[in-house]
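Asks: Quick one: the structure is below, and I'll ask about it shortly.
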Amino acid sequence: MVVLGDVLGFGPRPNASQLRLVNDETFWLMQRYPGYVTGFCYVNPRLGARAVTREVERCVARGFRGIKLEIANNAREASMRPVMLAAEKHGLVVLQHAWSMTKIRQRSFHTDPEDVATLARRFPKVRINMAHLTGCGVRGVLAVKACPNVFVDTSGAAPEAGLVEYAVAQLGAERVLFGSDAPIRDFAVALARITGASLDARTQRKILHDNARKLLRLP
Amino acid sequence: MNYFDANTWIGRWPFAFLAEHTPGSLAAHLSKHGIPRALVSPLEAVFAPEPGPANAHLLATTKNRAGLEPVPVINPALANWRDELAAAAADPRVRAVRLLPRYHNYRLKSAVLPEFIAELQRRGLRLIVQVRLIDERHEFHAMNLKPVPVAELAAFLSRYPQLAVLASGLLRSEVRALAPDHPRLLADLAFVEWHDTIPHVLAKVPARQLAFASHTPFLVTAAARAKLDTAETSAAQRTAIAASNLERFLAE
């Protein structure tokens, strides 16, 4: 299980000490459940290169395998550069929260799938998980289709029918990851998005397990 | 477990890659998921100039589908609503009608509603209010539709405290906010979700006010089953939510 940390506890733009607290809690879970919990380092790109680099390196030393980005900023911003350089240097996966901004209109700090595609093209060596397939929708899948370094997870909103099948058809089964969005969603519902989809058992297994293991280079 | 689905649809939805169900394909799909009975309404009634033809098609095509109970859509903002209601009531299988206030451009405080409710009660029909059909953040970009506001629904329920109403498509927070103050409200669970959904909702809402709903074809049918099947709750509460609350609502 990938643990992203308590990313809602301090609002959208946590400071450095708040981030350390969140990541320390994640590390505690990694120690408590070794082999089960994989930690992602939560960062706020707007704190600047020095703060980002320091926190990422602190987390890497503790065995974290990814970076978690929420809604501190839009993924197109220049502030993303130190984050992506750190991810590239340490071979980390970047999980970028994303949602279609067509109806939400918060793009100044909230990332649209088109922004994920822009980020992916700027940093083609960094593997990115575009979170929330349901929020990104058909347009989001198409936006990142030509970016082979972008994966998409199946979380977000109510379990809208047909989207997982569409993502598999467009991106290939290897680029779709199971995501629960726990604790704000129900595990049983999240799992049923995959097990209840019109996909064969081999494809379901890839989404539910194999793809994440390969992406995170887990044993 | 005897499942009775409070919210399913036949027909075509133009804005997503959803199954276009006929009564036959819907019944087969629900059966595959262990759901023998369902209320069903026609999607064509959502965008048509008036819902009459879609209702007529629904009533004709569900005639030999014992598990599908037709729920015509009525638009009280149109001048022919009495005729439509009469046509619906003429079919003995019809026990409820569905309103889509936002899609049909009226409010629950509309001046026509008191007369409509009176006629509904005179005919012994139950009322279903569709609060949302899809997550409003994912509406087609050219449409400017919002769900029925909680305050508007609350005011409506307060005006008719004795009227049993099934609200379809409420979110978790909306159900928890509304149900305790409106004991005659039955809320379907289609859009209700949180970590351990059912115990979380039951902490605020009596089980008798909740109804199983898959919202097929919009949502993953298996997910609706999973939400209730995996819930750590009593057998009595599970049975009530799965079917008997909806049966009670329709029989009242």
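Each chain of the structure tokens is named A, B, ... in the order shown, its residues numbered from 1; ligands are numbered from 1 in display order.
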Tell me which protein, DNA and RNA residues are within 7 Å of segment 74-76 of chain B, counting only C-alpha atoms, leaving out same-chain ones fewer than 3 positions away, and put them as a PyMOL selection string.

Replies: chain B and resi 51+81+84-85+97-99+104+112+116

Asks: Kindly determine which residues of chain A lie within 7 Å of chain B, considering only C-alpha atoms, and give the answer as a list of chain:residue names.

Replies: A:Thr102, A:Lys103, A:Ile104, A:Ala158, A:Pro159, A:Glu160, A:Ala161, A:Gly162, A:Ala182, A:Pro183, A:Ile184, A:Arg185, A:Asp186, A:Phe187, A:Ala188, A:Val189, A:Ala192, A:Arg193, A:Gly196

Asks: Point out the residue among A:Ser79, A:Thr38, A:Asn23, A:Thr203 with the least atom-to-atom distance to Arg50 of chain A, counting only C-alpha atoms.

Replies: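 Checking each candidate against Arg50 of chain A, we get A:Ser79 as the closest.
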
Asks: Tyr3 of chain B: which residues within 7 Å, counting only C-alpha atoms, same-chain residues fewer than 6 positions away excluded, as number ranges by chain?

Replies: B: 35-37, 242-243

Asks: Report, in Å to a single decimal, how far apart atom CA of His182 of chain B and atom CA of Ala167 of chain B are.

Replies: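 Value for the atom CA of Ala167 of chain B-atom CA of His182 of chain B distance: 11.6 Å.
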
Asks: Expressed in Å to a single decimal, how great is the separation between atom CA of Ala98 of chain A and atom CA of Asn129 of chain A?

Replies: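 These atoms are spaced 9.5 Å apart.
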
Asks: Using only C-alpha atoms, which of B:Ser158, B:Thr22, B:Ser110, B:Ser214 sits nearest Leu39 of chain B?

Replies: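 Of the candidates, the smallest distance to Leu39 of chain B is held by B:Ser214.
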
Asks: Distance atom CA of Arg107 of chain B-atom CA of Val148 of chain B, one decimal place?

Replies: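 Answer for the atom CA of Arg107 of chain B to atom CA of Val148 of chain B separation: 8.1 Å.
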
Asks: Using only C-alpha atoms, which residues sit within 12 Å of Ala87 of chain B once same-chain residues fewer than 2 positions away are excluded, as a VMD selection string?

Replies: chain B and resid 51 to 53 55 to 56 59 71 to 74 80 to 85 89 to 94 97 123

Asks: From segment 17-210 of chain A, collect each residue whose DSSP state is strand (DSSP E or B) and return the set as a list in words.

Replies: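 These are the residues in question: Thr38, Gly39, Phe40, Cys41, Tyr42, Gly66, Ile67, Lys68, Leu69, Val93, Val94, Leu95, Gln96, Ile128, Asn129, Met130, Val150, Phe151, Val152, Asp153, Glu160, Val176 and Leu177 of chain A.
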
Asks: Using only C-alpha atoms, determine which residues lie at most 8 Å from Phe151 of chain A, disregarding the query and same-chain residues fewer than 6 positions distant; provide the list as a list of chain:residue names.

Replies: A:Arg127, A:Ile128, A:Asn129, A:Met130, A:Arg175, A:Val176, A:Leu177

Asks: Tell me, as a PyMOL selection string, which residues lie within 9 Å of Asp210 of chain A, counting only C-alpha atoms; anything in the same chain fewer than 4 positions away does not count.

Replies: chain A and resi 174+177+205-206+214-215

Asks: Go ahead and dump the residues you just picked, C-alpha atoms, as a compact mmCIF listing (two decimals), in the first residue's frame.

Replies:
# COMPACT_ATOMS: atom_id res chain seq x y z
CA GLU A 174 0.32 -1.35 -17.98
CA LEU A 177 -2.91 1.72 -11.44
CA ARG A 205 -4.34 -8.24 -11.78
CA LYS A 206 -2.01 -5.83 -13.55
CA LYS A 214 6.88 -2.78 -11.25
CA LEU A 215 6.58 1.01 -11.18

Asks: Taking the DSSP secondary structure from the backbone, can you list the residues of chain A that are alpha helix (DSSP H), as a ChimeraX atom specification?

Replies: /A:16-32,49-61,80-90,113-122,133-144,163-171,187-195,201-205,211-215

Asks: Skip Phe212 of chain B itself and residues of its chain fewer than 2 positions away, then list as a list of chain:residue names all residues within 6 Å of it, counting only C-alpha atoms.

Replies: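 My reading of the contact set: B:Asp5, B:Asp188, B:Leu189, B:Ile241, B:Ala242.
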
Asks: Nearest to Gly135 of chain A among A:Ile207, A:Ser100, A:Gln106, A:Val152, with distances taken over only C-alpha atoms: which residue is it?

Replies: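 Of all the options, A:Ser100 lies closest to Gly135 of chain A.
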